[in-house]
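Structure file my_file16.cif with mmCIF, C-alpha atoms:
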```
data_run
loop_
_atom_site.label_atom_id
_atom_site.label_comp_id
_atom_site.auth_asym_id
_atom_site.auth_seq_id
_atom_site.Cartn_x
_atom_site.Cartn_y
_atom_site.Cartn_z
CA CYS A 1 0.00 0.00 0.00
CA ALA A 2 2.85 2.38 0.84
CA ARG A 3 4.50 1.70 -2.51
CA GLU A 4 1.29 2.20 -4.51
CA HIS A 5 0.45 5.44 -2.71
CA ALA A 6 3.95 6.83 -2.31
CA ARG A 7 4.16 10.51 -1.39
CA SER A 8 7.07 12.92 -1.27
CA PHE A 9 7.64 14.83 1.96
CA ARG A 10 9.14 18.25 2.48
CA ARG A 11 12.05 18.19 4.91
CA VAL A 12 12.60 21.19 7.21
CA PRO A 13 15.89 21.13 9.15
CA PHE A 14 16.14 22.89 12.51
CA VAL A 15 18.43 23.09 15.51
CA GLY A 16 17.00 22.50 18.97
CA ARG A 17 17.79 24.76 21.90
CA ALA A 18 19.68 23.51 24.94
CA GLU A 19 17.40 21.69 27.37
CA VAL A 20 15.97 23.90 30.10
CA THR A 21 14.86 22.16 33.30
CA LEU A 22 11.97 23.85 35.06
CA PRO A 23 10.42 22.88 38.39
CA LEU A 24 7.21 20.87 38.26
CA ARG A 25 4.28 23.25 38.63
CA ARG A 26 1.53 20.79 39.50
CA THR A 27 1.07 19.03 42.81
CA VAL A 28 1.84 15.30 42.95
CA PRO A 29 -0.19 13.66 45.76
CA ARG A 30 1.73 11.13 47.81
CA HIS A 31 -1.43 9.03 48.20
CA PRO A 32 -2.96 9.08 44.70
CA PHE A 33 -5.69 6.57 45.59
CA VAL A 34 -6.90 8.77 48.47
CA PRO A 35 -8.62 12.06 47.52
CA GLN A 36 -7.35 15.02 49.52
CA ASP A 37 -10.69 16.83 49.66
CA PRO A 38 -12.73 15.49 52.63
CA ALA A 39 -16.05 15.63 50.75
CA THR A 40 -14.59 13.79 47.75
CA LEU A 41 -12.98 11.23 50.05
CA GLY A 42 -16.28 10.61 51.82
CA ALA A 43 -18.09 10.11 48.51
CA ARG A 44 -15.33 7.78 47.31
CA CYS A 45 -15.48 5.66 50.47
CA TRP A 46 -19.28 5.40 50.18
CA GLU A 47 -19.03 4.32 46.56
CA ILE A 48 -16.33 1.73 47.25
CA PHE A 49 -18.26 0.23 50.17
CA GLU A 50 -21.45 0.07 48.10
CA ILE A 51 -19.67 -1.59 45.17
CA GLN A 52 -18.17 -4.25 47.42
CA THR A 53 -21.38 -4.83 49.35
CA ASN A 54 -23.62 -5.13 46.31
CA ALA A 55 -21.11 -7.32 44.49
CA LEU A 56 -21.02 -9.78 47.39
CA ALA A 57 -24.82 -9.71 47.72
CA THR A 58 -25.13 -10.47 44.01
CA ARG A 59 -22.86 -13.50 44.37
CA MET A 60 -24.88 -14.65 47.39
CA ARG A 61 -28.14 -14.44 45.44
CA ALA A 62 -26.59 -16.51 42.65
CA LEU A 63 -25.69 -19.23 45.16
CA GLY A 64 -28.95 -19.19 47.11
CA ARG A 65 -28.42 -17.22 50.34
CA PRO A 66 -25.34 -18.99 51.71
CA LYS A 67 -23.73 -18.27 55.04
CA LEU A 68 -20.50 -16.30 54.88
CA VAL A 69 -17.31 -17.79 56.32
CA LEU A 70 -14.56 -15.30 57.08
CA GLY A 71 -11.18 -15.68 58.72
CA VAL A 72 -10.66 -12.70 61.02
CA SER A 73 -7.22 -11.81 62.32
CA GLY A 74 -7.80 -8.42 63.89
CA GLY A 75 -6.02 -6.74 60.97
CA LEU A 76 -7.17 -4.23 58.36
CA ASP A 77 -8.06 -6.58 55.50
CA SER A 78 -10.22 -9.05 57.41
CA THR A 79 -11.89 -6.19 59.30
CA HIS A 80 -12.83 -4.50 56.04
CA ALA A 81 -14.14 -7.77 54.64
CA ALA A 82 -16.19 -8.33 57.81
CA LEU A 83 -17.84 -4.92 57.45
CA VAL A 84 -18.68 -5.61 53.81
CA ALA A 85 -20.04 -9.06 54.68
CA ALA A 86 -22.24 -7.69 57.47
CA ASN A 87 -23.69 -5.06 55.16
CA ALA A 88 -24.27 -7.61 52.39
CA LEU A 89 -26.26 -9.77 54.81
CA ASP A 90 -28.36 -6.74 55.72
CA LEU A 91 -29.06 -6.14 52.02
CA GLN A 92 -30.09 -9.77 51.63
CA GLY A 93 -32.35 -9.66 54.65
CA GLN A 94 -30.30 -12.37 56.33
CA SER A 95 -29.32 -12.53 59.97
CA ARG A 96 -25.89 -11.24 60.97
CA GLY A 97 -25.51 -14.66 62.56
CA ASP A 98 -25.04 -15.98 59.01
CA LEU A 99 -21.61 -14.35 59.10
CA VAL A 100 -19.33 -16.90 60.74
CA CYS A 101 -16.11 -15.21 61.83
CA VAL A 102 -13.29 -17.67 62.45
CA THR A 103 -10.23 -16.62 64.38
CA MET A 104 -7.40 -19.11 64.05
CA PRO A 105 -4.59 -18.29 66.47
CA GLY A 106 -1.27 -19.67 65.30
CA LEU A 107 2.38 -19.58 66.30
CA GLY A 108 2.62 -15.78 66.08
CA THR A 109 -0.84 -14.57 67.10
CA THR A 110 -0.80 -11.90 69.80
CA ALA A 111 -3.45 -11.34 72.45
CA GLY A 112 -4.13 -7.85 71.09
CA THR A 113 -5.08 -8.88 67.55
CA ARG A 114 -6.99 -11.93 68.74
CA GLY A 115 -8.96 -9.74 71.14
CA ASN A 116 -9.73 -7.25 68.38
CA ALA A 117 -10.97 -10.06 66.14
CA GLU A 118 -13.27 -11.46 68.81
CA ARG A 119 -14.62 -8.02 69.77
CA LEU A 120 -15.24 -7.23 66.09
CA ALA A 121 -17.34 -10.37 65.60
CA GLU A 122 -19.31 -9.67 68.78
CA ALA A 123 -19.95 -6.01 67.88
CA LEU A 124 -21.18 -7.00 64.41
CA GLY A 125 -23.58 -9.57 65.81
CA ALA A 126 -21.76 -12.31 63.89
CA GLY A 127 -21.08 -15.89 64.90
CA LEU A 128 -17.59 -16.60 66.21
CA ARG A 129 -15.50 -19.77 66.03
CA VAL A 130 -12.07 -20.02 67.67
CA ILE A 131 -10.00 -22.77 66.04
CA SER A 132 -6.33 -22.89 67.00
CA ILE A 133 -3.96 -24.02 64.25
CA SER A 134 -0.82 -24.12 66.43
CA GLU A 135 -0.85 -27.85 67.10
CA GLY A 136 -1.93 -28.67 63.54
CA SER A 137 0.94 -26.57 62.19
CA ARG A 138 3.38 -28.33 64.50
CA LEU A 139 2.12 -31.70 63.31
CA VAL A 140 2.60 -30.83 59.63
CA LEU A 141 6.08 -29.48 60.32
CA GLU A 142 6.92 -32.67 62.21
CA LEU A 143 5.74 -34.77 59.26
CA LEU A 144 8.04 -32.71 57.03
CA GLY A 145 10.99 -33.21 59.36
CA HIS A 146 11.32 -29.45 59.84
CA PRO A 147 14.36 -28.49 61.97
CA ALA A 148 12.26 -26.27 64.24
CA VAL A 149 10.39 -29.30 65.61
CA ALA A 150 12.03 -31.77 67.99
CA PRO A 151 10.56 -35.17 68.99
CA GLY A 152 8.08 -34.81 71.82
CA ASP A 153 7.48 -31.12 71.19
CA ASP A 154 4.14 -29.51 71.67
CA ALA A 155 3.13 -26.14 70.18
CA ALA A 156 4.39 -24.21 73.22
CA ALA A 157 7.81 -25.85 72.97
CA LEU A 158 7.94 -25.00 69.27
CA VAL A 159 7.20 -21.33 69.98
CA ALA A 160 9.86 -21.25 72.70
CA ARG A 161 12.45 -22.73 70.32
CA LEU A 162 11.59 -20.20 67.62
CA ARG A 163 12.14 -17.38 70.11
CA GLN A 164 15.57 -18.80 70.94
CA ARG A 165 16.48 -19.56 67.32
CA PRO A 166 14.55 -17.16 65.06
CA GLU A 167 16.49 -18.36 62.01
CA LEU A 168 14.34 -21.53 62.11
CA GLY A 169 11.24 -19.47 61.29
CA ASP A 170 11.53 -19.91 57.54
CA VAL A 171 9.00 -19.58 54.73
CA THR A 172 7.93 -23.21 55.14
CA LEU A 173 6.93 -22.62 58.75
CA GLU A 174 5.06 -19.45 57.80
CA ASN A 175 3.21 -20.91 54.82
CA VAL A 176 2.12 -24.06 56.64
CA GLN A 177 0.00 -21.82 58.86
CA ALA A 178 -1.50 -19.83 55.98
CA ARG A 179 -2.47 -22.98 54.07
CA LEU A 180 -3.85 -24.65 57.18
CA ARG A 181 -6.08 -21.64 57.83
CA THR A 182 -7.47 -21.87 54.30
CA LEU A 183 -8.10 -25.61 54.76
CA VAL A 184 -10.06 -24.89 57.95
CA LEU A 185 -12.15 -22.16 56.29
CA MET A 186 -12.94 -24.20 53.19
CA SER A 187 -13.86 -27.27 55.23
CA LEU A 188 -16.08 -25.26 57.55
CA ALA A 189 -17.81 -23.69 54.55
CA ASN A 190 -18.55 -27.18 53.22
CA ALA A 191 -19.92 -28.24 56.60
CA ILE A 192 -22.36 -25.33 57.01
CA GLY A 193 -23.17 -24.48 53.39
CA GLY A 194 -21.05 -21.36 53.37
CA LEU A 195 -19.08 -19.09 51.06
CA VAL A 196 -15.48 -18.30 52.04
CA VAL A 197 -14.98 -14.55 51.75
CA GLY A 198 -11.41 -13.59 50.84
CA THR A 199 -9.60 -10.67 52.41
CA GLY A 200 -6.55 -9.96 50.20
CA ASP A 201 -6.36 -6.35 48.99
CA LEU A 202 -5.09 -4.78 45.76
CA SER A 203 -1.71 -3.81 47.23
CA GLU A 204 -1.05 -7.38 48.35
CA LYS A 205 -2.06 -8.73 44.95
CA ALA A 206 0.35 -6.33 43.24
CA LEU A 207 3.19 -7.53 45.46
CA GLY A 208 2.14 -11.17 45.59
CA TRP A 209 2.17 -10.84 49.38
CA SER A 210 0.11 -13.97 49.99
CA THR A 211 0.68 -17.70 50.31
CA TYR A 212 -0.12 -19.59 47.12
CA ALA A 213 -3.07 -21.93 47.84
CA GLY A 214 -3.29 -20.27 51.26
CA ASP A 215 -4.72 -16.80 51.82
CA HIS A 216 -4.30 -16.40 48.05
CA ILE A 217 -7.45 -18.54 47.62
CA SER A 218 -11.07 -17.86 48.54
CA MET A 219 -14.54 -18.28 47.05
CA TYR A 220 -15.08 -14.54 46.57
CA ASP A 221 -12.47 -11.84 47.21
CA VAL A 222 -14.28 -8.63 48.16
CA ASN A 223 -11.10 -6.57 48.73
CA ALA A 224 -9.36 -7.34 45.44
CA GLY A 225 -9.84 -3.82 44.06
CA VAL A 226 -9.06 -1.76 47.17
CA PRO A 227 -5.44 -0.66 47.86
CA LYS A 228 -4.09 -0.67 51.41
CA THR A 229 -3.82 3.13 51.75
CA LEU A 230 -7.46 3.59 50.74
CA MET A 231 -8.74 0.71 52.86
CA GLN A 232 -7.84 2.53 56.06
CA SER A 233 -9.94 5.48 54.92
CA VAL A 234 -12.93 3.25 54.12
CA ILE A 235 -12.81 1.57 57.54
CA ARG A 236 -12.59 4.98 59.22
CA TRP A 237 -15.54 6.18 57.11
CA VAL A 238 -17.62 3.17 58.13
CA ALA A 239 -16.76 3.82 61.79
CA ASN A 240 -17.80 7.45 61.57
CA GLU A 241 -20.67 7.44 59.07
CA ARG A 242 -22.24 4.00 58.77
CA VAL A 243 -21.96 2.21 62.13
CA SER A 244 -24.49 4.45 63.85
CA THR A 245 -27.22 3.34 61.41
CA TRP A 246 -26.68 -0.39 61.98
CA SER A 247 -29.30 -1.87 64.25
CA VAL A 248 -27.22 -4.89 65.32
CA GLY A 249 -24.73 -4.48 68.14
CA GLU A 250 -23.62 -1.44 70.11
CA PRO A 251 -22.29 1.33 67.79
CA ALA A 252 -19.84 2.67 70.36
CA ALA A 253 -18.27 -0.75 70.93
CA LEU A 254 -17.87 -1.40 67.21
CA ARG A 255 -16.44 2.07 66.58
CA GLN A 256 -13.95 1.64 69.41
CA THR A 257 -12.86 -1.74 68.05
CA LEU A 258 -12.42 -0.36 64.52
CA PHE A 259 -10.18 2.46 65.71
CA ALA A 260 -8.14 -0.01 67.78
CA ILE A 261 -7.62 -2.12 64.64
CA LEU A 262 -6.61 0.96 62.64
CA ASP A 263 -3.90 1.63 65.24
CA THR A 264 -2.50 -1.94 65.05
CA PRO A 265 0.76 -2.44 63.07
CA ILE A 266 0.37 -4.40 59.82
CA SER A 267 1.69 -7.93 60.35
CA PRO A 268 1.02 -11.48 59.10
CA GLU A 269 1.77 -12.75 62.65
CA LEU A 270 3.28 -16.02 61.44
CA LEU A 271 6.34 -15.85 63.69
CA PRO A 272 6.17 -15.81 67.51
CA ALA A 273 5.71 -12.55 69.38
CA ASP A 274 8.49 -11.39 71.68
CA VAL A 275 8.59 -12.35 75.34
CA GLU A 276 6.41 -9.32 76.18
CA GLY A 277 3.73 -10.46 73.74
CA LYS A 278 4.38 -7.68 71.20
CA ILE A 279 4.23 -8.23 67.44
CA SER A 280 7.71 -9.14 66.17
CA GLN A 281 6.98 -9.46 62.43
CA LEU A 282 6.16 -6.13 60.78
CA THR A 283 5.15 -6.33 57.13
CA GLU A 284 6.39 -2.89 56.08
CA ALA A 285 9.81 -3.52 57.61
CA HIS A 286 10.15 -6.47 55.25
CA ILE A 287 8.56 -5.32 51.99
CA GLY A 288 8.61 -1.55 52.43
CA PRO A 289 6.02 1.17 53.11
CA TYR A 290 2.62 0.57 51.57
CA GLU A 291 2.31 4.27 50.78
CA LEU A 292 5.25 3.90 48.41
CA HIS A 293 4.01 0.68 46.85
CA ASP A 294 0.55 2.14 46.25
CA PHE A 295 2.18 5.21 44.68
CA PHE A 296 4.28 2.98 42.39
CA LEU A 297 1.25 0.83 41.55
CA TYR A 298 -0.93 3.80 40.62
CA HIS A 299 1.55 5.39 38.22
CA PHE A 300 2.94 2.13 36.84
CA VAL A 301 -0.41 0.48 36.06
CA ARG A 302 -2.83 3.37 35.61
CA ASP A 303 -0.50 5.72 33.69
CA GLY A 304 1.96 3.21 32.25
CA ALA A 305 4.83 5.30 33.58
CA ARG A 306 8.36 3.99 33.15
CA PRO A 307 10.46 3.66 36.31
CA ALA A 308 12.44 6.87 35.73
CA ARG A 309 9.23 8.88 35.57
CA VAL A 310 7.85 7.12 38.66
CA LEU A 311 11.01 8.12 40.55
CA ASP A 312 10.75 11.71 39.29
CA LEU A 313 7.19 11.93 40.59
CA ALA A 314 8.01 10.17 43.87
CA ARG A 315 10.79 12.66 44.62
CA VAL A 316 8.28 15.48 44.25
CA ALA A 317 5.46 13.76 46.15
CA PHE A 318 7.46 12.57 49.16
CA GLY A 319 10.00 15.37 49.31
CA GLY A 320 12.84 14.46 51.62
CA ASP A 321 10.92 11.80 53.55
CA TYR A 322 12.60 9.08 51.50
CA PRO A 323 16.15 9.54 50.17
CA LEU A 324 16.63 8.61 46.52
CA PRO A 325 18.49 5.34 47.29
CA GLU A 326 15.56 4.26 49.44
CA LEU A 327 13.05 5.09 46.69
CA GLN A 328 15.14 3.09 44.22
CA ARG A 329 15.40 0.19 46.66
CA TRP A 330 11.65 -0.10 47.21
CA LEU A 331 10.79 0.49 43.55
CA THR A 332 13.20 -2.30 42.62
CA LEU A 333 11.48 -4.60 45.10
CA PHE A 334 8.04 -3.56 43.83
CA LEU A 335 8.92 -4.26 40.21
CA ARG A 336 10.63 -7.54 40.97
CA ARG A 337 7.68 -8.81 43.00
CA PHE A 338 5.10 -7.40 40.57
CA PHE A 339 6.59 -9.40 37.71
CA THR A 340 7.54 -12.61 39.49
CA GLN A 341 4.23 -12.92 41.37
CA GLN A 342 1.97 -12.62 38.33
CA PHE A 343 1.35 -16.40 38.50
CA LYS A 344 -0.73 -15.80 41.64
CA ARG A 345 -2.87 -13.16 39.94
CA SER A 346 -3.40 -15.40 36.91
CA CYS A 347 -5.52 -17.77 39.02
CA THR A 348 -6.92 -15.40 41.61
CA ALA A 349 -10.46 -15.66 42.98
CA ASP A 350 -13.41 -13.69 41.63
CA GLY A 351 -13.88 -10.21 43.06
CA PRO A 352 -15.48 -6.87 42.20
CA LYS A 353 -13.75 -4.22 40.10
CA VAL A 354 -13.71 -1.10 42.26
CA GLY A 355 -11.43 1.53 40.71
CA ALA A 356 -9.40 2.41 37.64
CA VAL A 357 -6.53 0.18 38.75
CA ALA A 358 -7.49 -3.50 38.73
CA LEU A 359 -5.39 -6.65 38.39
CA SER A 360 -7.96 -9.35 37.68
CA PRO A 361 -7.02 -11.62 34.75
CA ARG A 362 -10.72 -11.68 33.82
CA GLY A 363 -10.97 -7.90 33.65
CA ASP A 364 -8.36 -5.22 33.05
CA TRP A 365 -5.04 -7.00 33.43
CA ARG A 366 -3.30 -9.24 30.92
CA MET A 367 0.26 -10.23 31.71
CA PRO A 368 2.26 -13.40 31.08
CA SER A 369 3.52 -15.03 34.26
CA ASP A 370 6.97 -15.46 32.69
CA ALA A 371 7.45 -11.79 31.76
CA GLN A 372 10.99 -10.53 32.38
CA VAL A 373 11.63 -7.51 34.59
CA ARG A 374 15.25 -6.86 33.51
CA GLY A 375 14.48 -3.80 31.38
CA TRP A 376 12.54 -2.08 34.15
CA LEU A 377 15.21 -2.82 36.75
CA ALA A 378 17.88 -1.44 34.43
CA ASP A 379 15.88 1.78 34.14
CA VAL A 380 15.82 2.10 37.94
CA ALA A 381 19.55 1.42 38.24
CA ALA A 382 20.42 3.94 35.51
CA TYR A 383 18.23 6.70 36.97
CA ARG A 384 19.97 10.03 37.50
CA PRO A 385 17.88 12.93 38.83
CA GLN A 386 17.74 16.04 36.69
#
```
So that I can check it, write out the structure of this file as structure tokens.
Amino acid sequence: CAREHARSFRRVPFVGRAEVTLPLRRTVPRHPFVPQDPATLGARCWEIFEIQTNALATRMRALGRPKLVLGVSGGLDSTHAALVAANALDLQGQSRGDLVCVTMPGLGTTAGTRGNAERLAEALGAGLRVISISEGSRLVLELLGHPAVAPGDDAAALVARLRQRPELGDVTLENVQARLRTLVLMSLANAIGGLVVGTGDLSEKALGWSTYAGDHISMYDVNAGVPKTLMQSVIRWVANERVSTWSVGEPAALRQTLFAILDTPISPELLPADVEGKISQLTEAHIGPYELHDFFLYHFVRDGARPARVLDLARVAFGGDYPLPELQRWLTLFLRRFFTQQFKRSCTADGPKVGAVALSPRGDWRMPSDAQVRGWLADVAAYRPQ
């Protein structure tokens, strides 16, 4: 076609001026998923909560009014899922007792998070099951011949040994607990005719921060489209704006519990607490600040920005809070995990699309699990600020 319709073009030579670097005039928000205007934020939180609630209610109607089975840990994700589940039951005209909250204390569960989980279930008017997985985890580890388990050990002896020799707390020990929790939830759902509600959020799916065939799996994942930084705002909005209208439970007790959960450090609690009972395993100390990862996710997926541009914007948004080497370190980790953990997203559970950034393989996101990250990492390493 080009040969048959060949055209001649006029060429105009010119010489470009030397590059002039000007400061960025627009504001770059450090939390792009979270609107800065309070009224806009309130409207966004309402819309997100309604999308999640109605999506879950729609799935429930398709299945015939099942009970909802939810693992509650006392952390942000399971708390958010519990609020959505309670509201979905209200929409369906079902009793809050049809929400079965299951707390499964393991080798690293602290009294604080377990107490928050139990108080949350009580304040919501939900059913509560306490099923310890400590001894079951020890048994599986013993069957595997894991070095943390000695003959004749019980769960308490295992925890004591892990405190003395923390190097024994490897990924096998952690993931045994996550997979055992999923086995308990799925089996309970079969026993009572229930639907296992997943809790993993968008930030965790981007990073692959879940155990494959463990908390990675559910029957419906209500949080799949909500990033971690925005989830805190939605929970706070529910505490302030929605709880007072719920007829089940005491609003003050639920509000107090929600704010206690918001103040709790983010942790998977798979390794033993210290001798004082404080959380020893902090997620952000291991994988980096969620505010950075959500910033990277927004600009990388929504805008298709290359790493150098993401770093340019991050330096403006966060000012001097994070030195450039730290930004490069966490962006490198984000990119590496985003690429290598795609295999988990390729077989993720159903969930509602909430915002412009979504990673469902059945919706917005198409990515081969074997994609190579080398080019992106090279861009980060070669970055030189203007």
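Closest approach to Leu313 in chain A among A:Pro38, A:Leu292, A:Glu326, A:Leu180: A:Leu292, based on only C-alpha atoms.
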Please produce, as CSV, a per-residue contact table for range 88-178 of chain A versus range 66-71 of chain A (criterion: any atom at most 8 Å away, only C-alpha atoms considered), showing the nearest atom pair and its distance in Å to one decimal, sorted by chain then residue number.
```
residue,atom,partner,partner_atom,distance
A:Asp98,CA,A:Lys67,CA,4.8
A:Leu99,CA,A:Leu68,CA,4.8
A:Val100,CA,A:Val69,CA,4.9
A:Cys101,CA,A:Leu70,CA,5.0
A:Val102,CA,A:Gly71,CA,4.7
A:Thr103,CA,A:Gly71,CA,5.8
A:Met104,CA,A:Gly71,CA,7.4
```
Taking the file above as input, evaluate the PyMOL selection byres ((chain A and resi 340) around 9) and report the hits as a ChimeraX atom specification.
/A:207-208,335-339,341-343,369-373
Kindly export the residues of the current selection with C-alpha atoms, as a CSV table (one decimal), keeping the file's coordinate frame.
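Saved result, part-v2.csv, follows:
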```csv
chain,number,residue,atom,x,y,z
A,207,LEU,CA,3.2,-7.5,45.5
A,208,GLY,CA,2.1,-11.2,45.6
A,335,LEU,CA,8.9,-4.3,40.2
A,336,ARG,CA,10.6,-7.5,41.0
A,337,ARG,CA,7.7,-8.8,43.0
A,338,PHE,CA,5.1,-7.4,40.6
A,339,PHE,CA,6.6,-9.4,37.7
A,341,GLN,CA,4.2,-12.9,41.4
A,342,GLN,CA,2.0,-12.6,38.3
A,343,PHE,CA,1.4,-16.4,38.5
A,369,SER,CA,3.5,-15.0,34.3
A,370,ASP,CA,7.0,-15.5,32.7
A,371,ALA,CA,7.4,-11.8,31.8
A,372,GLN,CA,11.0,-10.5,32.4
A,373,VAL,CA,11.6,-7.5,34.6
```
Counting all atoms listed in the file, which residues have an atom no more than 12 Å from (-14.1, -10.0, 71.2) in the file's coordinates? Please list them as a ChimeraX atom specification.
/A:72-74,101-103,111-130,253-254,256-258
Contacts between range 50-55 of chain A and range 82-110 of chain A, please, where a residue of range 82-110 of chain A counts if it comes within 12 Å (with only C-alpha atoms); show its shortest atom pair and distance in Å to one decimal, rows by chain and ascending number, as CSV.
```
residue,atom,partner,partner_atom,distance
A:Ala82,CA,A:Thr53,CA,10.5
A:Leu83,CA,A:Thr53,CA,8.8
A:Val84,CA,A:Thr53,CA,5.3
A:Ala85,CA,A:Thr53,CA,6.9
A:Ala86,CA,A:Thr53,CA,8.7
A:Asn87,CA,A:Thr53,CA,6.3
A:Ala88,CA,A:Thr53,CA,5.0
A:Leu89,CA,A:Thr53,CA,8.8
A:Asp90,CA,A:Thr53,CA,9.6
A:Leu91,CA,A:Asn54,CA,8.0
A:Gln92,CA,A:Asn54,CA,9.6
```
A straight line from CA of Ala156 in chain A to CA of Ala178 in chain A spans 18.7 Å
For Leu63 in chain A, which residue among A:Tyr220, A:Ala81, A:Ala6, A:Arg26 is the nearest when counting all atoms listed in the file?
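Of all the options, A:Tyr220 lies closest to Leu63 in chain A.
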Distance in Å - CA of Ile133 in chain A versus CA of Gly106 in chain A
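Between CA of Ile133 in chain A and CA of Gly106 in chain A the gap works out to 5.2 Å.
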How many Å lie between CA of Ala213 in chain A and CA of Leu297 in chain A, rounded to one decimal?
24.0 Å
Which residue, A:Ser360, A:Gln177, A:Thr27, A:Ser78, has the smallest gap to Lys344 in chain A when you use all atoms listed in the file?
A:Ser360
Among the residues A:Arg345, A:Arg384, A:Gly152, A:Ile261, the one that comes closest to Ser210 in chain A [using all atoms listed in the file]
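Of A:Arg345, A:Arg384, A:Gly152, A:Ile261, the one nearest Ser210 in chain A, counting all atoms listed in the file, is A:Arg345.
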Where does the PyMOL selection byres ((chain A and resi 11-25) around 10) land in this file, that is, which residues does it pick, as a PyMOL selection string?
chain A and resi 8-10+26-28+312-313+316+386
List the residues selected by the PyMOL selection byres ((chain A and resi 376-383) around 10) in the file shown, writing them as a list in words.
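Taken over the shown coordinates, the PyMOL selection byres ((chain A and resi 376-383) around 10) returns Arg306, Pro307, Ala308, Arg309, Val310, Leu311, Asp312, Leu324, Pro325, Leu327, Gln328, Arg329, Leu331, Thr332, Leu333, Leu335, Arg336, Gln372, Val373, Arg374, Gly375, Arg384, Pro385 and Gln386 of chain A.
Counting all atoms listed in the file and comparing A:Phe49, A:Tyr212, A:Trp246, A:Tyr298, the residue that lies closest to Val34 in chain A is A:Tyr298.
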Ranking A:Ala314, A:Val196, A:Pro272, A:Ser218 by minimum distance to Arg161 in chain A and counting all atoms listed in the file, which one comes first?
A:Pro272
For range 139-151 of chain A, find every residue with an atom within 7 Å (counting all atoms listed in the file), except residues of its own chain fewer than 5 positions away, and show them as a JSON list (two decimals) with C-alpha atoms, keeping the file's coordinate frame.
```
[["chain", "number", "residue", "atom", "x", "y", "z"],
["A", 158, "LEU", "CA", 7.94, -25.00, 69.27],
["A", 162, "LEU", "CA", 11.59, -20.20, 67.62],
["A", 168, "LEU", "CA", 14.34, -21.53, 62.11]]
```
Which centre and which edge lengths, in Å to one decimal, describe the axis-aligned box that holds all listed atoms of range 302-311 of chain A after 3 Å is added on each side, as lines of an AutoDock Vina configuration file?
```
center_x = 4.8
center_y = 6.0
center_z = 36.4
size_x = 21.3
size_y = 11.7
size_z = 14.3
```
